[in-house]
file data_39.txt (compact mmCIF, N, CA and C atoms)
# COMPACT_ATOMS: atom_id res chain seq x y z
N MET A 28 -6.02 22.23 -24.46
CA MET A 28 -4.64 22.28 -24.84
C MET A 28 -4.48 21.54 -26.16
N SER A 29 -4.39 22.28 -27.20
CA SER A 29 -4.25 21.67 -28.51
C SER A 29 -2.79 21.60 -28.92
N ASN A 30 -2.52 20.66 -29.78
CA ASN A 30 -1.17 20.47 -30.29
C ASN A 30 -1.27 20.52 -31.81
N PRO A 31 -0.87 21.61 -32.46
CA PRO A 31 -1.06 21.73 -33.90
C PRO A 31 -0.22 20.74 -34.72
N ARG A 32 0.83 20.21 -34.15
CA ARG A 32 1.68 19.29 -34.90
C ARG A 32 1.18 17.84 -34.82
N GLY A 33 0.11 17.60 -34.14
CA GLY A 33 -0.41 16.24 -34.01
C GLY A 33 -0.34 15.77 -32.58
N ALA A 34 -0.73 14.54 -32.40
CA ALA A 34 -0.76 13.97 -31.05
C ALA A 34 0.66 13.79 -30.51
N PHE A 35 0.84 14.07 -29.23
CA PHE A 35 2.15 13.92 -28.62
C PHE A 35 2.54 12.45 -28.54
N TYR A 36 1.59 11.61 -28.20
CA TYR A 36 1.86 10.17 -28.12
C TYR A 36 1.45 9.53 -29.44
N SER A 37 2.40 9.32 -30.29
CA SER A 37 2.09 8.76 -31.60
C SER A 37 2.19 7.24 -31.56
N ALA A 38 1.70 6.62 -32.60
CA ALA A 38 1.69 5.16 -32.67
C ALA A 38 3.11 4.59 -32.73
N ARG A 39 4.05 5.34 -33.28
CA ARG A 39 5.41 4.81 -33.40
C ARG A 39 6.13 4.72 -32.06
N MET A 40 5.63 5.44 -31.05
CA MET A 40 6.26 5.36 -29.74
C MET A 40 6.00 4.02 -29.07
N GLY A 41 4.87 3.41 -29.35
CA GLY A 41 4.57 2.13 -28.75
C GLY A 41 3.82 2.23 -27.44
N VAL A 42 3.73 3.41 -26.87
CA VAL A 42 3.01 3.61 -25.62
C VAL A 42 1.95 4.68 -25.87
N THR A 43 0.72 4.36 -25.54
CA THR A 43 -0.37 5.30 -25.78
C THR A 43 -0.77 5.98 -24.48
N ARG A 44 -1.60 7.00 -24.61
CA ARG A 44 -2.12 7.69 -23.43
C ARG A 44 -2.94 6.73 -22.58
N GLU A 45 -3.63 5.84 -23.23
CA GLU A 45 -4.45 4.87 -22.50
C GLU A 45 -3.58 4.00 -21.59
N GLU A 46 -2.45 3.56 -22.11
CA GLU A 46 -1.56 2.72 -21.32
C GLU A 46 -0.96 3.49 -20.14
N ILE A 47 -0.65 4.76 -20.34
CA ILE A 47 -0.12 5.57 -19.25
C ILE A 47 -1.19 5.79 -18.19
N LEU A 48 -2.42 6.03 -18.62
CA LEU A 48 -3.53 6.19 -17.68
C LEU A 48 -3.77 4.91 -16.89
N VAL A 49 -3.77 3.79 -17.57
CA VAL A 49 -3.96 2.51 -16.90
C VAL A 49 -2.82 2.24 -15.93
N LEU A 50 -1.60 2.60 -16.31
CA LEU A 50 -0.46 2.44 -15.41
C LEU A 50 -0.66 3.23 -14.12
N GLY A 51 -1.09 4.48 -14.25
CA GLY A 51 -1.31 5.30 -13.07
C GLY A 51 -2.42 4.75 -12.19
N LEU A 52 -3.51 4.34 -12.80
CA LEU A 52 -4.61 3.79 -12.03
C LEU A 52 -4.23 2.48 -11.36
N THR A 53 -3.55 1.62 -12.08
CA THR A 53 -3.14 0.33 -11.53
C THR A 53 -2.15 0.52 -10.39
N ALA A 54 -1.18 1.39 -10.59
CA ALA A 54 -0.19 1.63 -9.53
C ALA A 54 -0.86 2.22 -8.29
N GLY A 55 -1.81 3.11 -8.49
CA GLY A 55 -2.50 3.70 -7.35
C GLY A 55 -3.34 2.69 -6.59
N VAL A 56 -4.10 1.89 -7.30
CA VAL A 56 -4.97 0.91 -6.66
C VAL A 56 -4.16 -0.19 -5.98
N VAL A 57 -3.22 -0.77 -6.69
CA VAL A 57 -2.43 -1.86 -6.13
C VAL A 57 -1.57 -1.35 -4.97
N GLY A 58 -0.97 -0.19 -5.13
CA GLY A 58 -0.16 0.38 -4.05
C GLY A 58 -0.98 0.67 -2.81
N SER A 59 -2.18 1.20 -3.00
CA SER A 59 -3.05 1.48 -1.86
C SER A 59 -3.48 0.20 -1.16
N LEU A 60 -3.82 -0.80 -1.94
CA LEU A 60 -4.26 -2.06 -1.33
C LEU A 60 -3.13 -2.74 -0.56
N VAL A 61 -1.98 -2.85 -1.17
CA VAL A 61 -0.85 -3.53 -0.51
C VAL A 61 -0.35 -2.71 0.68
N GLY A 62 -0.13 -1.42 0.47
CA GLY A 62 0.34 -0.57 1.55
C GLY A 62 -0.66 -0.48 2.69
N GLY A 63 -1.93 -0.36 2.36
CA GLY A 63 -2.98 -0.30 3.38
C GLY A 63 -3.10 -1.59 4.16
N LEU A 64 -2.97 -2.71 3.48
CA LEU A 64 -3.03 -4.00 4.15
C LEU A 64 -1.85 -4.17 5.11
N MET A 65 -0.66 -3.82 4.64
CA MET A 65 0.51 -3.91 5.52
C MET A 65 0.37 -2.97 6.72
N LEU A 66 -0.14 -1.77 6.47
CA LEU A 66 -0.31 -0.80 7.55
C LEU A 66 -1.36 -1.29 8.54
N GLY A 67 -2.48 -1.78 8.05
CA GLY A 67 -3.55 -2.24 8.93
C GLY A 67 -3.16 -3.43 9.78
N VAL A 68 -2.57 -4.42 9.15
CA VAL A 68 -2.16 -5.62 9.90
C VAL A 68 -1.03 -5.27 10.87
N GLY A 69 -0.08 -4.49 10.43
CA GLY A 69 1.04 -4.11 11.29
C GLY A 69 0.60 -3.30 12.50
N LEU A 70 -0.29 -2.32 12.29
CA LEU A 70 -0.78 -1.53 13.42
C LEU A 70 -1.63 -2.38 14.35
N GLY A 71 -2.40 -3.31 13.79
CA GLY A 71 -3.18 -4.22 14.63
C GLY A 71 -2.29 -5.05 15.53
N LEU A 72 -1.19 -5.53 14.99
CA LEU A 72 -0.24 -6.30 15.81
C LEU A 72 0.45 -5.41 16.84
N ALA A 73 0.85 -4.22 16.42
CA ALA A 73 1.58 -3.33 17.33
C ALA A 73 0.69 -2.86 18.48
N VAL A 74 -0.57 -2.59 18.20
CA VAL A 74 -1.49 -2.15 19.25
C VAL A 74 -1.73 -3.26 20.26
N ASN A 75 -1.73 -4.49 19.80
CA ASN A 75 -1.95 -5.63 20.70
C ASN A 75 -0.67 -6.09 21.38
N GLY A 76 0.40 -5.35 21.24
CA GLY A 76 1.62 -5.64 21.98
C GLY A 76 2.65 -6.47 21.24
N ALA A 77 2.37 -6.87 20.02
CA ALA A 77 3.35 -7.64 19.24
C ALA A 77 4.23 -6.65 18.48
N HIS A 78 5.44 -6.50 18.93
CA HIS A 78 6.34 -5.51 18.32
C HIS A 78 6.75 -5.89 16.90
N ILE A 79 6.51 -7.14 16.52
CA ILE A 79 6.83 -7.56 15.15
C ILE A 79 5.95 -6.81 14.13
N GLY A 80 4.83 -6.26 14.59
CA GLY A 80 3.96 -5.50 13.70
C GLY A 80 4.63 -4.29 13.10
N TRP A 81 5.61 -3.72 13.79
CA TRP A 81 6.31 -2.57 13.26
C TRP A 81 7.12 -2.93 12.01
N LEU A 82 7.46 -4.21 11.87
CA LEU A 82 8.17 -4.62 10.65
C LEU A 82 7.27 -4.57 9.43
N LEU A 83 5.96 -4.57 9.65
CA LEU A 83 5.02 -4.39 8.54
C LEU A 83 4.66 -2.92 8.34
N VAL A 84 4.58 -2.17 9.43
CA VAL A 84 4.17 -0.77 9.33
C VAL A 84 5.24 0.09 8.66
N MET A 85 6.48 -0.09 9.05
CA MET A 85 7.54 0.79 8.57
C MET A 85 7.74 0.75 7.04
N PRO A 86 7.76 -0.41 6.40
CA PRO A 86 7.98 -0.39 4.94
C PRO A 86 6.69 -0.34 4.12
N ALA A 87 5.53 -0.03 4.72
CA ALA A 87 4.27 -0.06 3.98
C ALA A 87 4.27 0.93 2.81
N ALA A 88 4.66 2.17 3.04
CA ALA A 88 4.65 3.17 1.98
C ALA A 88 5.71 2.91 0.91
N PRO A 89 6.96 2.58 1.28
CA PRO A 89 7.94 2.29 0.23
C PRO A 89 7.57 1.09 -0.64
N VAL A 90 6.96 0.07 -0.05
CA VAL A 90 6.55 -1.09 -0.85
C VAL A 90 5.45 -0.69 -1.82
N ALA A 91 4.51 0.15 -1.37
CA ALA A 91 3.44 0.61 -2.25
C ALA A 91 4.03 1.40 -3.43
N GLY A 92 5.00 2.26 -3.16
CA GLY A 92 5.65 3.02 -4.23
C GLY A 92 6.48 2.15 -5.15
N LEU A 93 7.09 1.12 -4.60
CA LEU A 93 7.91 0.22 -5.40
C LEU A 93 7.08 -0.53 -6.44
N LEU A 94 5.85 -0.85 -6.09
CA LEU A 94 4.97 -1.51 -7.06
C LEU A 94 4.70 -0.61 -8.26
N GLY A 95 4.47 0.67 -8.02
CA GLY A 95 4.29 1.61 -9.12
C GLY A 95 5.53 1.73 -9.98
N TYR A 96 6.70 1.72 -9.36
CA TYR A 96 7.96 1.79 -10.09
C TYR A 96 8.14 0.56 -10.98
N VAL A 97 7.81 -0.61 -10.45
CA VAL A 97 7.94 -1.85 -11.24
C VAL A 97 7.00 -1.81 -12.44
N LEU A 98 5.77 -1.33 -12.24
CA LEU A 98 4.83 -1.23 -13.36
C LEU A 98 5.31 -0.22 -14.40
N ALA A 99 5.90 0.88 -13.96
CA ALA A 99 6.40 1.89 -14.89
C ALA A 99 7.58 1.35 -15.70
N ARG A 100 8.46 0.60 -15.06
CA ARG A 100 9.59 0.00 -15.79
C ARG A 100 9.10 -0.98 -16.85
N LYS A 101 8.06 -1.73 -16.50
CA LYS A 101 7.48 -2.69 -17.45
C LYS A 101 6.93 -1.95 -18.68
N LEU A 102 6.27 -0.83 -18.45
CA LEU A 102 5.74 -0.05 -19.56
C LEU A 102 6.86 0.62 -20.36
N ALA A 103 7.92 1.04 -19.69
CA ALA A 103 9.03 1.70 -20.38
C ALA A 103 9.78 0.75 -21.30
N LYS A 104 9.72 -0.54 -21.04
CA LYS A 104 10.39 -1.51 -21.92
C LYS A 104 9.75 -1.55 -23.30
N LYS A 105 8.52 -1.07 -23.43
CA LYS A 105 7.85 -1.05 -24.73
C LYS A 105 8.39 0.03 -25.64
N LEU A 106 9.03 1.06 -25.06
CA LEU A 106 9.55 2.15 -25.87
C LEU A 106 10.73 1.70 -26.70
N PRO A 107 10.85 2.22 -27.91
CA PRO A 107 12.05 1.94 -28.70
C PRO A 107 13.27 2.53 -28.01
N ALA A 108 14.45 2.01 -28.32
CA ALA A 108 15.69 2.43 -27.67
C ALA A 108 15.96 3.92 -27.88
N ALA A 109 15.57 4.48 -29.01
CA ALA A 109 15.83 5.89 -29.31
C ALA A 109 14.95 6.82 -28.46
N GLN A 110 13.81 6.34 -27.97
CA GLN A 110 12.89 7.15 -27.21
C GLN A 110 13.21 7.16 -25.71
N ARG A 111 14.05 6.26 -25.22
CA ARG A 111 14.31 6.15 -23.78
C ARG A 111 15.20 7.20 -23.29

call {"tool": "encode", "arguments": {"input": "data_39.txt", "output": "structure tokens"}}
result
Amino acid sequence: MSNPRGAFYSARMGVTREEILVLGLTAGVVGSLVGGLMLGVGLGLAVNGAHIGWLLVMPAAPVAGLLGYVLARKLAKKLPAAQR
């Protein structure tokens, strides 16, 4: 996929393809680790009869997604006001 007018992500934007790639990888890894840990510990507690474990299981996926959202907002702050 070529772009005859030049690169889509130019230096004046302030955000490069590398930063977007790192954002995706970081959000995926951190989200998986945090969400998986909450899910694992919560299910372990729930299986052993501690109903408090469900308080960890239920928000595991939304918390994992929220971390990606926070990282994306941090990267979006680098954009100039005209690009937002």

call {"tool": "residues_around", "arguments": {"input": "data_39.txt", "residues": "Ile79 in chain A", "least_positions_apart": "3", "cutoff": "8 Å", "atoms": "only N, CA and C atoms", "output": "list in words"}}
result
Val68, Gly69, Leu70, Leu72, Ala73, Gly76, Leu82, Leu83 and Val84 of chain A

call {"tool": "residues_around", "arguments": {"input": "data_39.txt", "residues": "Val90 in chain A", "least_positions_apart": "3", "cutoff": "7 Å", "atoms": "all atoms listed in the file", "output": "list in words"}}
result
Gly58, Val61, Gly62, Pro86, Ala87, Leu93, Leu94 and Gly95 of chain A

call {"tool": "closest_residue", "arguments": {"input": "data_39.txt", "among": "A:Val42, A:Leu60, A:Ala54, A:Met85", "to": "Leu98 in chain A", "atoms": "all atoms listed in the file"}}
result
A:Ala54

call {"tool": "atom_distance", "arguments": {"input": "data_39.txt", "atom1": "atom N of Glu46 in chain A", "atom2": "atom C of Ala88 in chain A"}}
result
24.4 Å

call {"tool": "atom_distance", "arguments": {"input": "data_39.txt", "atom1": "CA of Val57 in chain A", "atom2": "CA of Lys101 in chain A"}}
result
15.1 Å
